[in-house]
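A short worksheet on the structure shown next.
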Amino acid sequence: MKNFSIVVAFDSSYGIGKNGRLPWRLPGDLRRFKEITTGEDQGLKKNAVIMGRKTWESLPEKFRPLPDRVNVVLSRRRDFKVPAGVLCFQNLDEALTALSSLNNIGDIFVIGGAEIYASAMAHPLCQKLYVTHVKGAFDCDAFFPPISRQFMPISASEEYEEGGASFHFSEYLRSF
Ligand SMILES: NC(=O)c1ccc[n+]([C@@H]2O[C@H](COP(=O)([O-])OP(=O)(O)OC[C@H]3O[C@@H](n4cnc5c(N)ncnc54)[C@H](OP(=O)(O)O)[C@@H]3O)[C@@H](O)[C@H]2O)c1
């Protein structure tokens, strides 16, 4: 099975969401998210983004599916309906097995929310974390799980400011 990365933005309390939405508006972070998950032009291949049913539903209809990526929704409901071209699986392993068997899939990214991040962080094929650290606490009701000691920081960007919020990017790699 192919390995995968996580892309997440969390605040100083590991908060990622509030009332089913992102707690902040950071266009620079959304641009980076798009760049990382879409990747370089790979001809016929596309990267895949795996998300929980609630994160899928939190995307405004006009922005979903996320363009130029294979969108994958996880739901335990067998009958959850997704538009043509979007894939739906009942657990992370099922999704990873199916994506690994397709030869038009590039890199695989898990993009939230809290429940899916928890499954992904506990998964041995999770290799890399792309984190946006947002300074401060945003009174969140959804959280990222603790980062296991198996992950080591390998890079950190400068600090950026947008709409009164301060944030920086970092990457972590599984070291054992
Ligand atoms: N800051 C960030 O980077 C970021 C990124 C993404 C999302 N978010 C935020 O996170 C929040 C949503 O997180 P959430 O935890 O409430 O929802 P979620 O993880 O997006 O979706 C939860 C749903 O996914 C399905 N699911 C969960 N675990 C599964 C598993 N192991 N196998 C199969 N299906 C599974 C279930 O769907 P069914 O109920 O249909 O069975 C479950 O109700 C929102 O506030 C969103 O804005 C933040």
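Each chain of the structure tokens is named A, B, ... in the order shown, its residues numbered from 1; ligands are numbered from 1 in display order.
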What do you get as a PDB file with N, CA and C atoms, in the first residue's frame if you pick all residues at most 6 Å from ligand 1, counting only C-alpha atoms and all ligand atoms?
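Final output, pocket-v7.pdb:
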ATOM      1  N   VAL A   8      -2.517  19.921   7.687  1.00  0.00           N
ATOM      2  CA  VAL A   8      -3.388  20.448   8.753  1.00  0.00           C
ATOM      3  C   VAL A   8      -2.954  21.849   9.152  1.00  0.00           C
ATOM      4  N   ALA A   9      -3.915  22.648   9.600  1.00  0.00           N
ATOM      5  CA  ALA A   9      -3.612  23.921  10.266  1.00  0.00           C
ATOM      6  C   ALA A   9      -4.175  23.814  11.677  1.00  0.00           C
ATOM      7  N   PHE A  10      -3.330  24.019  12.676  1.00  0.00           N
ATOM      8  CA  PHE A  10      -3.864  24.018  14.048  1.00  0.00           C
ATOM      9  C   PHE A  10      -3.330  25.193  14.844  1.00  0.00           C
ATOM     10  N   ILE A  16      -8.495  22.811  15.481  1.00  0.00           N
ATOM     11  CA  ILE A  16      -8.542  22.850  14.009  1.00  0.00           C
ATOM     12  C   ILE A  16      -9.868  23.379  13.467  1.00  0.00           C
ATOM     13  N   GLY A  17     -10.926  23.389  14.301  1.00  0.00           N
ATOM     14  CA  GLY A  17     -12.227  23.772  13.758  1.00  0.00           C
ATOM     15  C   GLY A  17     -13.181  24.215  14.846  1.00  0.00           C
ATOM     16  N   LYS A  18     -14.208  24.930  14.410  1.00  0.00           N
ATOM     17  CA  LYS A  18     -15.237  25.383  15.349  1.00  0.00           C
ATOM     18  C   LYS A  18     -16.578  25.418  14.618  1.00  0.00           C
ATOM     19  N   ASN A  19     -17.590  24.830  15.223  1.00  0.00           N
ATOM     20  CA  ASN A  19     -18.932  24.785  14.616  1.00  0.00           C
ATOM     21  C   ASN A  19     -18.890  24.260  13.172  1.00  0.00           C
ATOM     22  N   GLY A  20     -18.059  23.249  12.944  1.00  0.00           N
ATOM     23  CA  GLY A  20     -18.014  22.623  11.627  1.00  0.00           C
ATOM     24  C   GLY A  20     -17.277  23.418  10.568  1.00  0.00           C
ATOM     25  N   ARG A  21     -16.563  24.457  11.001  1.00  0.00           N
ATOM     26  CA  ARG A  21     -15.855  25.290  10.007  1.00  0.00           C
ATOM     27  C   ARG A  21     -14.434  25.578  10.485  1.00  0.00           C
ATOM     28  N   LEU A  22     -13.645  26.194   9.583  1.00  0.00           N
ATOM     29  CA  LEU A  22     -12.314  26.638  10.004  1.00  0.00           C
ATOM     30  C   LEU A  22     -12.490  27.872  10.883  1.00  0.00           C
ATOM     31  N   MET A  51     -10.788  12.859   2.981  1.00  0.00           N
ATOM     32  CA  MET A  51     -11.396  13.682   4.050  1.00  0.00           C
ATOM     33  C   MET A  51     -12.599  12.976   4.663  1.00  0.00           C
ATOM     34  N   GLY A  52     -12.923  13.376   5.897  1.00  0.00           N
ATOM     35  CA  GLY A  52     -14.116  12.854   6.563  1.00  0.00           C
ATOM     36  C   GLY A  52     -15.378  13.449   5.949  1.00  0.00           C
ATOM     37  N   ARG A  53     -16.475  12.737   6.176  1.00  0.00           N
ATOM     38  CA  ARG A  53     -17.764  13.179   5.624  1.00  0.00           C
ATOM     39  C   ARG A  53     -18.110  14.603   6.081  1.00  0.00           C
ATOM     40  N   LYS A  54     -17.790  14.941   7.326  1.00  0.00           N
ATOM     41  CA  LYS A  54     -18.158  16.280   7.823  1.00  0.00           C
ATOM     42  C   LYS A  54     -17.308  17.362   7.168  1.00  0.00           C
ATOM     43  N   THR A  55     -16.029  17.064   6.934  1.00  0.00           N
ATOM     44  CA  THR A  55     -15.175  18.046   6.243  1.00  0.00           C
ATOM     45  C   THR A  55     -15.666  18.224   4.808  1.00  0.00           C
ATOM     46  N   LEU A  74     -14.565   9.707   3.459  1.00  0.00           N
ATOM     47  CA  LEU A  74     -14.763   8.552   4.338  1.00  0.00           C
ATOM     48  C   LEU A  74     -16.072   8.722   5.101  1.00  0.00           C
ATOM     49  N   SER A  75     -16.925   7.716   5.006  1.00  0.00           N
ATOM     50  CA  SER A  75     -18.172   7.689   5.774  1.00  0.00           C
ATOM     51  C   SER A  75     -18.429   6.240   6.135  1.00  0.00           C
ATOM     52  N   ARG A  76     -18.966   6.006   7.341  1.00  0.00           N
ATOM     53  CA  ARG A  76     -19.285   4.614   7.702  1.00  0.00           C
ATOM     54  C   ARG A  76     -20.601   4.180   7.084  1.00  0.00           C
ATOM     55  N   ARG A  77     -21.343   5.174   6.542  1.00  0.00           N
ATOM     56  CA  ARG A  77     -22.622   4.840   5.900  1.00  0.00           C
ATOM     57  C   ARG A  77     -22.361   4.259   4.517  1.00  0.00           C
ATOM     58  N   GLN A  90     -15.427   3.226   3.431  1.00  0.00           N
ATOM     59  CA  GLN A  90     -15.920   3.125   4.804  1.00  0.00           C
ATOM     60  C   GLN A  90     -14.832   3.165   5.861  1.00  0.00           C
ATOM     61  N   ASN A  91     -13.582   3.098   5.450  1.00  0.00           N
ATOM     62  CA  ASN A  91     -12.491   3.336   6.406  1.00  0.00           C
ATOM     63  C   ASN A  91     -11.209   3.679   5.645  1.00  0.00           C
ATOM     64  N   LEU A  92     -10.205   4.118   6.417  1.00  0.00           N
ATOM     65  CA  LEU A  92      -8.977   4.626   5.809  1.00  0.00           C
ATOM     66  C   LEU A  92      -8.236   3.525   5.041  1.00  0.00           C
ATOM     67  N   ILE A 111      -6.688  15.157   4.688  1.00  0.00           N
ATOM     68  CA  ILE A 111      -6.899  16.607   4.908  1.00  0.00           C
ATOM     69  C   ILE A 111      -7.952  16.894   5.995  1.00  0.00           C
ATOM     70  N   GLY A 112      -8.235  15.917   6.872  1.00  0.00           N
ATOM     71  CA  GLY A 112      -9.101  16.189   8.015  1.00  0.00           C
ATOM     72  C   GLY A 112     -10.492  15.601   7.863  1.00  0.00           C
ATOM     73  N   GLY A 113     -11.366  15.839   8.887  1.00  0.00           N
ATOM     74  CA  GLY A 113     -11.115  16.625  10.084  1.00  0.00           C
ATOM     75  C   GLY A 113     -10.585  15.788  11.234  1.00  0.00           C
ATOM     76  N   ALA A 114     -11.037  16.140  12.443  1.00  0.00           N
ATOM     77  CA  ALA A 114     -10.435  15.606  13.652  1.00  0.00           C
ATOM     78  C   ALA A 114     -10.475  14.074  13.690  1.00  0.00           C
ATOM     79  N   GLU A 115     -11.608  13.505  13.353  1.00  0.00           N
ATOM     80  CA  GLU A 115     -11.732  12.038  13.440  1.00  0.00           C
ATOM     81  C   GLU A 115     -10.795  11.354  12.466  1.00  0.00           C
ATOM     82  N   ILE A 116     -10.698  11.901  11.267  1.00  0.00           N
ATOM     83  CA  ILE A 116      -9.850  11.280  10.243  1.00  0.00           C
ATOM     84  C   ILE A 116      -8.378  11.486  10.588  1.00  0.00           C
ATOM     85  N   SER A 119      -7.335   8.796  13.031  1.00  0.00           N
ATOM     86  CA  SER A 119      -7.056   7.496  12.385  1.00  0.00           C
ATOM     87  C   SER A 119      -5.737   7.567  11.620  1.00  0.00           C
ATOM     88  N   ALA A 142     -12.902  21.187  17.667  1.00  0.00           N
ATOM     89  CA  ALA A 142     -12.322  20.015  16.997  1.00  0.00           C
ATOM     90  C   ALA A 142     -10.800  20.170  17.082  1.00  0.00           C
TER      91      ALA A 142
END
Within 9 Å of stretch 149-155 of chain A: each stretch 114-143 of chain A residue with its shortest pair, only C-alpha atoms, as a Markdown table:
| residue | atom | partner | partner_atom | distance |
| --- | --- | --- | --- | --- |
| A:Gln127 | CA | A:Phe151 | CA | 8.3 |
| A:Lys128 | CA | A:Phe151 | CA | 7.8 |
| A:Leu129 | CA | A:Phe151 | CA | 8.2 |
If you keep all heavy atoms, can you produce a file of those selected residues as an mmCIF file, in the first residue's frame?
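See result25.cif below for the written result:
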data_model
loop_
_atom_site.group_PDB
_atom_site.id
_atom_site.type_symbol
_atom_site.label_atom_id
_atom_site.label_comp_id
_atom_site.auth_asym_id
_atom_site.auth_seq_id
_atom_site.Cartn_x
_atom_site.Cartn_y
_atom_site.Cartn_z
ATOM 1 N N GLN A 127 3.540 9.186 6.628
ATOM 2 C CA GLN A 127 4.976 9.468 6.534
ATOM 3 C C GLN A 127 5.339 10.901 6.864
ATOM 4 O O GLN A 127 6.417 11.192 7.360
ATOM 5 C CB GLN A 127 5.459 9.207 5.098
ATOM 6 C CG GLN A 127 5.782 7.770 4.812
ATOM 7 C CD GLN A 127 6.830 7.211 5.762
ATOM 8 O OE1 GLN A 127 7.868 7.829 5.990
ATOM 9 N NE2 GLN A 127 6.561 6.063 6.361
ATOM 10 N N LYS A 128 4.438 11.849 6.524
ATOM 11 C CA LYS A 128 4.847 13.253 6.600
ATOM 12 C C LYS A 128 3.669 14.118 7.047
ATOM 13 O O LYS A 128 2.512 13.818 6.706
ATOM 14 C CB LYS A 128 5.318 13.690 5.203
ATOM 15 C CG LYS A 128 5.990 15.030 5.178
ATOM 16 C CD LYS A 128 6.722 15.266 3.862
ATOM 17 C CE LYS A 128 7.370 16.632 3.879
ATOM 18 N NZ LYS A 128 8.095 16.939 2.659
ATOM 19 N N LEU A 129 3.977 15.187 7.807
ATOM 20 C CA LEU A 129 2.948 16.141 8.228
ATOM 21 C C LEU A 129 3.312 17.516 7.680
ATOM 22 O O LEU A 129 4.446 17.970 7.862
ATOM 23 C CB LEU A 129 2.879 16.254 9.755
ATOM 24 C CG LEU A 129 2.908 14.981 10.590
ATOM 25 C CD1 LEU A 129 2.895 15.348 12.078
ATOM 26 C CD2 LEU A 129 1.703 14.108 10.265
#
**OP:** Extract the full set of alpha helix (DSSP H) residues from stretch 13-138 of chain A according to DSSP on the backbone, and format it as a PyMOL selection string.
**Re:** chain A and resi 27-38+53-58+92-101+114-121
Subject >> Neighbour list for A:Gly136 as a VMD selection string, cut-off 12 Å, only C-alpha atoms, skip fewer than 6 positions in-chain >> reply: chain A and resid 10 to 16 23 to 24 164 to 167
Residue selection dump (N, CA, C and O atoms) as a compact mmCIF listing (two decimals), in the first residue's frame:
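And here is the file that came out, selection-v5.txt:
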# COMPACT_ATOMS: atom_id res chain seq x y z
N PHE A 10 -3.33 24.02 12.68
CA PHE A 10 -3.86 24.02 14.05
C PHE A 10 -3.33 25.19 14.84
O PHE A 10 -2.28 25.76 14.53
N ASP A 11 -4.10 25.55 15.89
CA ASP A 11 -3.72 26.71 16.71
C ASP A 11 -2.83 26.23 17.87
O ASP A 11 -2.45 25.05 17.94
N SER A 12 -2.56 27.13 18.81
CA SER A 12 -1.62 26.80 19.89
C SER A 12 -2.17 25.72 20.81
O SER A 12 -1.43 25.14 21.60
N SER A 13 -3.50 25.46 20.74
CA SER A 13 -4.10 24.39 21.54
C SER A 13 -4.44 23.17 20.68
O SER A 13 -5.30 22.38 21.06
N TYR A 14 -3.82 23.07 19.51
CA TYR A 14 -4.11 21.98 18.55
C TYR A 14 -5.53 22.05 18.00
O TYR A 14 -6.05 21.08 17.46
N GLY A 15 -6.20 23.22 18.18
CA GLY A 15 -7.56 23.38 17.65
C GLY A 15 -7.54 23.50 16.13
O GLY A 15 -6.68 24.18 15.57
N ILE A 16 -8.50 22.81 15.48
CA ILE A 16 -8.54 22.85 14.01
C ILE A 16 -9.87 23.38 13.47
O ILE A 16 -9.97 23.73 12.29
N PRO A 23 -11.72 27.99 11.96
CA PRO A 23 -11.89 29.12 12.87
C PRO A 23 -11.21 30.41 12.39
O PRO A 23 -11.29 31.42 13.05
N TRP A 24 -10.50 30.36 11.30
CA TRP A 24 -9.75 31.53 10.81
C TRP A 24 -9.92 31.65 9.31
O TRP A 24 -10.39 30.71 8.65
N GLY A 164 -4.84 39.85 11.01
CA GLY A 164 -4.65 39.88 12.46
C GLY A 164 -4.14 38.57 13.03
O GLY A 164 -3.86 38.48 14.22
N ALA A 165 -4.02 37.53 12.19
CA ALA A 165 -3.51 36.25 12.69
C ALA A 165 -2.06 36.06 12.26
O ALA A 165 -1.64 36.53 11.20
N SER A 166 -1.31 35.39 13.10
CA SER A 166 0.11 35.15 12.84
C SER A 166 0.30 33.63 12.70
O SER A 166 -0.24 32.87 13.50
N PHE A 167 1.04 33.22 11.67
CA PHE A 167 1.18 31.77 11.46
C PHE A 167 2.49 31.45 10.74
O PHE A 167 3.08 32.31 10.10
Subject >> Given only C-alpha atoms as the counted atoms, nearest of A:Lys81, A:Ala137, A:Lys2, A:Phe169 to A:Leu99 >> reply: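 Under the stated criterion, the closest residue is A:Lys2.
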Subject >> Within 10 Å of A:Pro124 using only C-alpha atoms, minus same-chain residues under 2 positions, as a PyMOL selection string >> reply: chain A and resi 3-4+120-122+126-127+174+176
